[in-house]
>>> print(open('input08.cif').read())   # mmCIF, C-alpha atoms, pLDDT in the B column; chains and numbers go by the auth columns
data_my_file
#
loop_
_atom_site.group_PDB
_atom_site.id
_atom_site.type_symbol
_atom_site.label_atom_id
_atom_site.label_comp_id
_atom_site.label_asym_id
_atom_site.label_seq_id
_atom_site.Cartn_x
_atom_site.Cartn_y
_atom_site.Cartn_z
_atom_site.B_iso_or_equiv
_atom_site.auth_seq_id
_atom_site.auth_asym_id
ATOM 1 C CA MET A 1 20.317 -35.139 6.800 83.00 1 A
ATOM 2 C CA ARG A 2 20.452 -38.341 4.759 88.00 2 A
ATOM 3 C CA ARG A 3 24.154 -37.875 4.165 92.00 3 A
ATOM 4 C CA PHE A 4 24.712 -37.413 7.899 91.00 4 A
ATOM 5 C CA VAL A 5 22.798 -40.611 8.709 88.00 5 A
ATOM 6 C CA ARG A 6 24.733 -42.592 6.099 90.00 6 A
ATOM 7 C CA SER A 7 28.107 -41.303 7.228 93.00 7 A
ATOM 8 C CA HIS A 8 27.354 -41.954 10.918 91.00 8 A
ATOM 9 C CA ALA A 9 25.312 -45.155 10.642 92.00 9 A
ATOM 10 C CA THR A 10 27.436 -47.101 13.132 93.00 10 A
ATOM 11 C CA GLU A 11 27.321 -44.375 15.776 92.00 11 A
ATOM 12 C CA LEU A 12 23.578 -43.883 15.336 94.00 12 A
ATOM 13 C CA ALA A 13 22.968 -47.637 15.605 95.00 13 A
ATOM 14 C CA LEU A 14 24.966 -47.715 18.834 94.00 14 A
ATOM 15 C CA LEU A 15 23.002 -44.740 20.165 95.00 15 A
ATOM 16 C CA ALA A 16 19.735 -46.523 19.320 96.00 16 A
ATOM 17 C CA VAL A 17 20.866 -49.678 21.141 97.00 17 A
ATOM 18 C CA ILE A 18 21.795 -47.643 24.229 94.00 18 A
ATOM 19 C CA ALA A 19 18.410 -45.875 24.122 94.00 19 A
ATOM 20 C CA VAL A 20 16.567 -49.208 23.882 96.00 20 A
ATOM 21 C CA ILE A 21 18.541 -50.596 26.832 94.00 21 A
ATOM 22 C CA CYS A 22 17.776 -47.475 28.904 89.00 22 A
ATOM 23 C CA VAL A 23 14.057 -47.694 28.120 90.00 23 A
ATOM 24 C CA PHE A 24 14.026 -51.419 28.958 93.00 24 A
ATOM 25 C CA LEU A 25 15.841 -50.887 32.260 88.00 25 A
ATOM 26 C CA SER A 26 13.574 -48.005 33.231 87.00 26 A
ATOM 27 C CA PHE A 27 10.578 -50.337 32.945 88.00 27 A
ATOM 28 C CA ALA A 28 12.365 -53.324 34.502 90.00 28 A
ATOM 29 C CA THR A 29 13.315 -51.529 37.721 86.00 29 A
ATOM 30 C CA ASP A 30 11.966 -48.495 39.528 85.00 30 A
ATOM 31 C CA ARG A 31 15.426 -47.243 40.552 84.00 31 A
ATOM 32 C CA PHE A 32 17.146 -46.977 37.168 86.00 32 A
ATOM 33 C CA PHE A 33 16.268 -43.344 36.373 83.00 33 A
ATOM 34 C CA THR A 34 16.939 -41.993 39.877 84.00 34 A
ATOM 35 C CA LEU A 35 19.409 -39.467 41.189 83.00 35 A
ATOM 36 C CA GLY A 36 20.875 -42.074 43.529 83.00 36 A
ATOM 37 C CA ASN A 37 21.634 -44.401 40.633 87.00 37 A
ATOM 38 C CA ALA A 38 23.200 -41.544 38.673 87.00 38 A
ATOM 39 C CA PHE A 39 25.484 -40.749 41.635 84.00 39 A
ATOM 40 C CA ASP A 40 26.370 -44.436 42.010 86.00 40 A
ATOM 41 C CA LEU A 41 27.310 -44.582 38.327 88.00 41 A
ATOM 42 C CA LEU A 42 29.479 -41.470 38.684 88.00 42 A
ATOM 43 C CA ASN A 43 31.212 -42.833 41.796 86.00 43 A
ATOM 44 C CA THR A 44 31.929 -46.268 40.355 91.00 44 A
ATOM 45 C CA SER A 45 32.938 -45.000 36.908 93.00 45 A
ATOM 46 C CA SER A 46 35.007 -41.970 37.909 89.00 46 A
ATOM 47 C CA VAL A 47 38.405 -43.571 37.212 88.00 47 A
ATOM 48 C CA ASN A 48 37.264 -44.827 33.806 93.00 48 A
ATOM 49 C CA ILE A 49 35.815 -41.395 32.998 93.00 49 A
ATOM 50 C CA ILE A 50 39.121 -39.713 33.869 89.00 50 A
ATOM 51 C CA PHE A 51 41.025 -42.209 31.697 91.00 51 A
ATOM 52 C CA ALA A 52 38.552 -41.729 28.842 92.00 52 A
ATOM 53 C CA VAL A 53 38.834 -37.934 28.920 92.00 53 A
ATOM 54 C CA GLY A 54 42.637 -38.127 28.920 87.00 54 A
ATOM 55 C CA LEU A 55 42.682 -40.615 26.068 90.00 55 A
ATOM 56 C CA LEU A 56 40.133 -38.540 24.141 91.00 56 A
ATOM 57 C CA VAL A 57 42.562 -35.619 24.093 89.00 57 A
ATOM 58 C CA VAL A 58 45.233 -37.857 22.559 89.00 58 A
ATOM 59 C CA LEU A 59 42.828 -39.316 19.990 90.00 59 A
ATOM 60 C CA VAL A 60 41.503 -35.890 18.970 91.00 60 A
ATOM 61 C CA ALA A 61 45.100 -34.755 18.470 89.00 61 A
ATOM 62 C CA GLY A 62 45.531 -37.627 16.017 88.00 62 A
ATOM 63 C CA GLY A 63 47.639 -39.986 18.111 90.00 63 A
ATOM 64 C CA ILE A 64 47.101 -43.078 20.178 91.00 64 A
ATOM 65 C CA ASP A 65 48.389 -43.810 23.675 93.00 65 A
ATOM 66 C CA ILE A 66 48.895 -47.379 24.828 93.00 66 A
ATOM 67 C CA SER A 67 50.809 -46.447 27.986 94.00 67 A
ATOM 68 C CA PHE A 68 48.130 -44.453 29.829 93.00 68 A
ATOM 69 C CA ALA A 69 47.056 -47.279 32.157 93.00 69 A
ATOM 70 C CA VAL A 70 50.609 -48.087 33.248 96.00 70 A
ATOM 71 C CA ALA A 71 51.398 -44.385 33.529 96.00 71 A
ATOM 72 C CA ALA A 72 48.399 -44.056 35.850 95.00 72 A
ATOM 73 C CA SER A 73 49.704 -46.940 37.975 95.00 73 A
ATOM 74 C CA VAL A 74 53.130 -45.309 38.194 97.00 74 A
ATOM 75 C CA VAL A 75 51.539 -41.980 39.110 97.00 75 A
ATOM 76 C CA GLN A 76 49.381 -43.613 41.798 93.00 76 A
ATOM 77 C CA TYR A 77 52.366 -45.338 43.368 94.00 77 A
ATOM 78 C CA LEU A 78 54.623 -42.283 43.196 94.00 78 A
ATOM 79 C CA SER A 79 51.896 -39.961 44.519 92.00 79 A
ATOM 80 C CA ALA A 80 51.253 -42.185 47.527 89.00 80 A
ATOM 81 C CA THR A 81 54.989 -42.492 48.153 89.00 81 A
ATOM 82 C CA VAL A 82 55.634 -38.747 47.844 89.00 82 A
ATOM 83 C CA LEU A 83 52.707 -37.920 50.119 86.00 83 A
ATOM 84 C CA GLY A 84 54.113 -40.389 52.653 83.00 84 A
ATOM 85 C CA TRP A 85 57.572 -38.798 52.455 86.00 85 A
ATOM 86 C CA VAL A 86 56.300 -35.262 53.019 82.00 86 A
ATOM 87 C CA GLY A 87 54.293 -36.417 56.005 78.00 87 A
ATOM 88 C CA GLY A 88 50.809 -36.090 54.651 75.00 88 A
ATOM 89 C CA GLY A 89 48.597 -33.524 53.144 74.00 89 A
ATOM 90 C CA ASN A 90 45.115 -33.383 51.778 76.00 90 A
ATOM 91 C CA TRP A 91 43.440 -34.466 48.579 78.00 91 A
ATOM 92 C CA ILE A 92 44.182 -31.154 46.821 84.00 92 A
ATOM 93 C CA ILE A 93 47.919 -31.637 47.317 87.00 93 A
ATOM 94 C CA GLY A 94 47.528 -35.234 46.124 86.00 94 A
ATOM 95 C CA VAL A 95 45.756 -34.108 42.955 89.00 95 A
ATOM 96 C CA ILE A 96 48.468 -31.523 42.267 93.00 96 A
ATOM 97 C CA ILE A 97 51.249 -34.081 42.775 93.00 97 A
ATOM 98 C CA ALA A 98 49.468 -36.690 40.632 94.00 98 A
ATOM 99 C CA GLY A 99 48.778 -34.126 37.903 95.00 99 A
ATOM 100 C CA ALA A 100 52.411 -32.999 37.828 97.00 100 A
ATOM 101 C CA LEU A 101 53.669 -36.581 37.664 97.00 101 A
ATOM 102 C CA GLY A 102 51.157 -37.439 34.926 95.00 102 A
ATOM 103 C CA VAL A 103 52.224 -34.435 32.882 96.00 103 A
ATOM 104 C CA ALA A 104 55.878 -35.439 33.330 98.00 104 A
ATOM 105 C CA LEU A 105 55.217 -38.962 32.035 96.00 105 A
ATOM 106 C CA GLY A 106 53.150 -37.532 29.181 94.00 106 A
ATOM 107 C CA CYS A 107 56.027 -35.217 28.292 96.00 107 A
ATOM 108 C CA ILE A 108 58.301 -38.249 27.977 97.00 108 A
ATOM 109 C CA ASN A 109 55.891 -39.691 25.410 95.00 109 A
ATOM 110 C CA ALA A 110 55.619 -36.328 23.657 94.00 110 A
ATOM 111 C CA PHE A 111 59.409 -35.975 23.520 97.00 111 A
ATOM 112 C CA LEU A 112 59.811 -39.419 21.958 96.00 112 A
ATOM 113 C CA ILE A 113 57.046 -38.814 19.421 95.00 113 A
ATOM 114 C CA HIS A 114 57.951 -35.260 18.461 95.00 114 A
ATOM 115 C CA GLY A 115 61.687 -35.200 19.119 96.00 115 A
ATOM 116 C CA PHE A 116 62.582 -38.488 17.460 96.00 116 A
ATOM 117 C CA ARG A 117 59.630 -38.576 15.018 94.00 117 A
ATOM 118 C CA ILE A 118 58.531 -41.984 16.301 94.00 118 A
ATOM 119 C CA ILE A 119 54.998 -43.150 15.482 94.00 119 A
ATOM 120 C CA SER A 120 52.827 -42.607 18.558 93.00 120 A
ATOM 121 C CA ILE A 121 51.738 -46.224 18.963 94.00 121 A
ATOM 122 C CA VAL A 122 55.362 -47.432 18.826 96.00 122 A
ATOM 123 C CA ALA A 123 56.539 -44.807 21.311 96.00 123 A
ATOM 124 C CA THR A 124 53.721 -45.488 23.757 96.00 124 A
ATOM 125 C CA ILE A 125 54.157 -49.269 23.571 97.00 125 A
ATOM 126 C CA SER A 126 57.818 -48.656 24.410 97.00 126 A
ATOM 127 C CA THR A 127 57.053 -46.366 27.329 97.00 127 A
ATOM 128 C CA PHE A 128 54.367 -48.808 28.484 97.00 128 A
ATOM 129 C CA ASN A 129 57.044 -51.479 28.855 98.00 129 A
ATOM 130 C CA ILE A 130 59.605 -49.092 30.345 97.00 130 A
ATOM 131 C CA PHE A 131 57.162 -47.664 32.915 97.00 131 A
ATOM 132 C CA PHE A 132 55.875 -51.114 33.844 97.00 132 A
ATOM 133 C CA GLY A 133 59.373 -52.565 34.119 97.00 133 A
ATOM 134 C CA LEU A 134 60.593 -49.721 36.315 97.00 134 A
ATOM 135 C CA LEU A 135 57.491 -49.942 38.501 97.00 135 A
ATOM 136 C CA MET A 136 57.964 -53.692 38.997 97.00 136 A
ATOM 137 C CA PHE A 137 61.713 -53.267 39.600 97.00 137 A
ATOM 138 C CA PHE A 138 61.392 -50.572 42.268 95.00 138 A
ATOM 139 C CA THR A 139 58.305 -51.991 43.988 94.00 139 A
ATOM 140 C CA GLY A 140 59.143 -55.655 43.658 94.00 140 A
ATOM 141 C CA GLY A 141 55.581 -56.120 42.443 91.00 141 A
ATOM 142 C CA VAL A 142 54.224 -55.316 45.918 90.00 142 A
ATOM 143 C CA SER A 143 51.242 -53.006 46.318 88.00 143 A
ATOM 144 C CA ILE A 144 51.008 -50.343 49.011 83.00 144 A
ATOM 145 C CA TYR A 145 48.630 -51.573 51.712 81.00 145 A
ATOM 146 C CA ASN A 146 49.554 -49.476 54.739 79.00 146 A
ATOM 147 C CA LEU A 147 48.133 -46.156 53.604 77.00 147 A
ATOM 148 C CA PRO A 148 47.677 -43.516 56.310 73.00 148 A
ATOM 149 C CA ASP A 149 44.164 -42.631 57.467 76.00 149 A
ATOM 150 C CA TRP A 150 44.273 -39.123 55.992 72.00 150 A
ATOM 151 C CA LEU A 151 44.802 -40.653 52.548 72.00 151 A
ATOM 152 C CA THR A 152 41.966 -43.170 52.749 75.00 152 A
ATOM 153 C CA THR A 153 39.241 -40.977 54.253 77.00 153 A
ATOM 154 C CA ARG A 154 36.384 -40.139 51.938 77.00 154 A
ATOM 155 C CA VAL A 155 35.958 -36.635 50.619 78.00 155 A
ATOM 156 C CA VAL A 156 32.318 -35.821 49.927 81.00 156 A
ATOM 157 C CA LEU A 157 32.117 -33.375 47.030 80.00 157 A
ATOM 158 C CA PHE A 158 28.320 -33.240 46.857 81.00 158 A
ATOM 159 C CA GLU A 159 25.521 -34.823 48.840 84.00 159 A
ATOM 160 C CA ARG A 160 21.760 -34.618 48.821 82.00 160 A
ATOM 161 C CA GLU A 161 19.019 -36.210 50.880 83.00 161 A
ATOM 162 C CA MET A 162 16.407 -37.915 48.766 79.00 162 A
ATOM 163 C CA ALA A 163 12.652 -37.830 49.392 79.00 163 A
ATOM 164 C CA ASP A 164 12.734 -41.358 50.835 81.00 164 A
ATOM 165 C CA GLY A 165 15.372 -40.374 53.421 81.00 165 A
ATOM 166 C CA SER A 166 18.352 -41.959 51.672 81.00 166 A
ATOM 167 C CA TRP A 167 21.438 -39.992 50.750 81.00 167 A
ATOM 168 C CA ALA A 168 23.023 -39.593 47.326 78.00 168 A
ATOM 169 C CA GLU A 169 26.587 -38.350 47.288 81.00 169 A
ATOM 170 C CA ILE A 170 29.580 -37.916 45.036 78.00 170 A
ATOM 171 C CA THR A 171 32.778 -38.828 46.849 74.00 171 A
#
>>> encode(input="input08.cif", output="structure tokens")
Amino acid sequence: MRRFVRSHATELALLAVIAVICVFLSFATDRFFTLGNAFDLLNTSSVNIIFAVGLLVVLVAGGIDISFAVAASVVQYLSATVLGWVGGGNWIIGVIIAGALGVALGCINAFLIHGFRIISIVATISTFNIFFGLLMFFTGGVSIYNLPDWLTTRVVLFEREMADGSWAEIT
């Protein structure tokens, strides 16, 4: 046990700081440890959680990916454009299209790293710049603002009425 504590001192110190903050916030406000707050945290952090899980896979495999944020931007733009071209769809089709495009961009990184034996950080910095440059070239740096209604409507995955009459939902 002592060896474990010594070898993971930084992680354990960080865990202790998080625990102290949670205890402090639970006494400072009556809504911190509530289901509604947990759902709010999940809703507002969902994109970061998805990025973190994807990056975790790369880190566990022993690499590092610098291009994931730009790849996500490219995938978002292409998914919205493709869904507009095909005349619509639902969120399941959007997830499938986005997943396929994300895998395709990831395969480009994998090909550069494995096929040419390039260090992962060098390859992903390169693809970061390539993806960003192509995105800016083809879009002119303009965001998509005129999204159709079917693409912007909320999808409620889970909802629950609380004892005080308020609703907690994951969208």
>>> closest_residue(input="input08.cif", among="A:Leu15, A:Ala110, A:Ala71, A:Ile93", to="A:Leu134", atoms="all atoms listed in the file")
A:Ala71
>>> residues_around(input="input08.cif", residues="A:Thr124", least_positions_apart="6", cutoff="10 Å", atoms="all atoms listed in the file", output="MDAnalysis selection string")
chainID A and resid 63:68 106 108:110 112:113 118 130
>>> atom_distance(input="input08.cif", atom1="atom CA of A:Thr29", atom2="atom CA of A:Asp164")
16.6 Å
>>> closest_residue(input="input08.cif", among="A:Ala80, A:Val5, A:Ile96, A:Leu25", to="A:Thr152", atoms="all atoms listed in the file")
A:Ala80
>>> resolve_selection(input="input08.cif", expression="the PyMOL selection byres ((chain A and resi 143-149) around 9)", output="PyMOL selection string")
chain A and resi 77+80-81+84+88+139-142+150-153
>>> write_last_selection(input="input08.cif", atoms="C-alpha atoms", output="PDB file, in the coordinates of the input")
ATOM      1  CA  TYR A  77      52.366 -45.338  43.368  1.00 94.00           C
ATOM      2  CA  ALA A  80      51.253 -42.185  47.527  1.00 89.00           C
ATOM      3  CA  THR A  81      54.989 -42.492  48.153  1.00 89.00           C
ATOM      4  CA  GLY A  84      54.113 -40.389  52.653  1.00 83.00           C
ATOM      5  CA  GLY A  88      50.809 -36.090  54.651  1.00 75.00           C
ATOM      6  CA  THR A 139      58.305 -51.991  43.988  1.00 94.00           C
ATOM      7  CA  GLY A 140      59.143 -55.655  43.658  1.00 94.00           C
ATOM      8  CA  GLY A 141      55.581 -56.120  42.443  1.00 91.00           C
ATOM      9  CA  VAL A 142      54.224 -55.316  45.918  1.00 90.00           C
ATOM     10  CA  TRP A 150      44.273 -39.123  55.992  1.00 72.00           C
ATOM     11  CA  LEU A 151      44.802 -40.653  52.548  1.00 72.00           C
ATOM     12  CA  THR A 152      41.966 -43.170  52.749  1.00 75.00           C
ATOM     13  CA  THR A 153      39.241 -40.977  54.253  1.00 77.00           C
TER      14      THR A 153
END
>>> closest_residue(input="input08.cif", among="A:Ala163, A:Ile92, A:Ala123, A:Ile50", to="A:Thr34", atoms="only C-alpha atoms")
A:Ala163
>>> resolve_selection(input="input08.cif", expression="the PyMOL selection byres ((chain A and resi 40-45) around 12)", output="list in words")
Arg31, Phe32, Phe33, Thr34, Leu35, Gly36, Asn37, Ala38, Phe39, Ser46, Val47, Asn48, Ile49, Ile50, Phe51, Ala52, Arg154, Val155, Val156, Leu157, Phe158, Glu159, Trp167, Ala168, Glu169, Ile170 and Thr171 of chain A
>>> resolve_selection(input="input08.cif", expression="the PyMOL selection byres ((chain A and resi 95) around 12)", output="compact mmCIF listing (two decimals) with C-alpha atoms, in the frame of the given file")
# COMPACT_ATOMS: atom_id res chain seq x y z
CA VAL A 75 51.54 -41.98 39.11
CA GLN A 76 49.38 -43.61 41.80
CA SER A 79 51.90 -39.96 44.52
CA ALA A 80 51.25 -42.18 47.53
CA VAL A 82 55.63 -38.75 47.84
CA LEU A 83 52.71 -37.92 50.12
CA GLY A 89 48.60 -33.52 53.14
CA ASN A 90 45.12 -33.38 51.78
CA TRP A 91 43.44 -34.47 48.58
CA ILE A 92 44.18 -31.15 46.82
CA ILE A 93 47.92 -31.64 47.32
CA GLY A 94 47.53 -35.23 46.12
CA ILE A 96 48.47 -31.52 42.27
CA ILE A 97 51.25 -34.08 42.78
CA ALA A 98 49.47 -36.69 40.63
CA GLY A 99 48.78 -34.13 37.90
CA ALA A 100 52.41 -33.00 37.83
CA LEU A 101 53.67 -36.58 37.66
CA GLY A 102 51.16 -37.44 34.93
CA VAL A 103 52.22 -34.44 32.88
CA LEU A 151 44.80 -40.65 52.55
>>> build_atoms(input="input08.cif", residues="stretch 84-102 of chain A", atoms="N, CA and C atoms", output="compact mmCIF listing (two decimals), in the coordinates of the input")
# COMPACT_ATOMS: atom_id res chain seq x y z
N GLY A 84 53.58 -39.77 51.43
CA GLY A 84 54.11 -40.39 52.65
C GLY A 84 55.42 -39.75 53.09
N TRP A 85 56.29 -39.42 52.13
CA TRP A 85 57.57 -38.80 52.46
C TRP A 85 57.40 -37.41 53.06
N VAL A 86 56.47 -36.63 52.52
CA VAL A 86 56.30 -35.26 53.02
C VAL A 86 55.47 -35.22 54.29
N GLY A 87 55.00 -36.36 54.73
CA GLY A 87 54.29 -36.42 56.00
C GLY A 87 52.82 -36.13 55.91
N GLY A 88 52.26 -36.24 54.77
CA GLY A 88 50.81 -36.09 54.65
C GLY A 88 50.41 -34.90 53.83
N GLY A 89 49.17 -34.61 53.92
CA GLY A 89 48.60 -33.52 53.14
C GLY A 89 47.11 -33.76 53.01
N ASN A 90 46.54 -33.16 52.03
CA ASN A 90 45.12 -33.38 51.78
C ASN A 90 44.93 -33.78 50.32
N TRP A 91 43.70 -33.97 49.93
CA TRP A 91 43.44 -34.47 48.58
C TRP A 91 43.82 -33.45 47.51
N ILE A 92 43.80 -32.16 47.82
CA ILE A 92 44.18 -31.15 46.82
C ILE A 92 45.67 -31.28 46.50
N ILE A 93 46.49 -31.45 47.54
CA ILE A 93 47.92 -31.64 47.32
C ILE A 93 48.16 -32.92 46.53
N GLY A 94 47.41 -33.97 46.85
CA GLY A 94 47.53 -35.23 46.12
C GLY A 94 47.19 -35.09 44.65
N VAL A 95 46.14 -34.33 44.35
CA VAL A 95 45.76 -34.11 42.96
C VAL A 95 46.83 -33.31 42.22
N ILE A 96 47.41 -32.33 42.89
CA ILE A 96 48.47 -31.52 42.27
C ILE A 96 49.70 -32.38 41.99
N ILE A 97 50.09 -33.21 42.97
CA ILE A 97 51.25 -34.08 42.78
C ILE A 97 50.98 -35.08 41.65
N ALA A 98 49.81 -35.71 41.67
CA ALA A 98 49.47 -36.69 40.63
C ALA A 98 49.41 -36.03 39.26
N GLY A 99 48.84 -34.84 39.18
CA GLY A 99 48.78 -34.13 37.90
C GLY A 99 50.16 -33.79 37.37
N ALA A 100 51.05 -33.34 38.26
CA ALA A 100 52.41 -33.00 37.83
C ALA A 100 53.16 -34.24 37.35
N LEU A 101 53.01 -35.34 38.08
CA LEU A 101 53.67 -36.58 37.66
C LEU A 101 53.09 -37.10 36.34
N GLY A 102 51.79 -37.01 36.17
CA GLY A 102 51.16 -37.44 34.93
C GLY A 102 51.62 -36.61 33.74
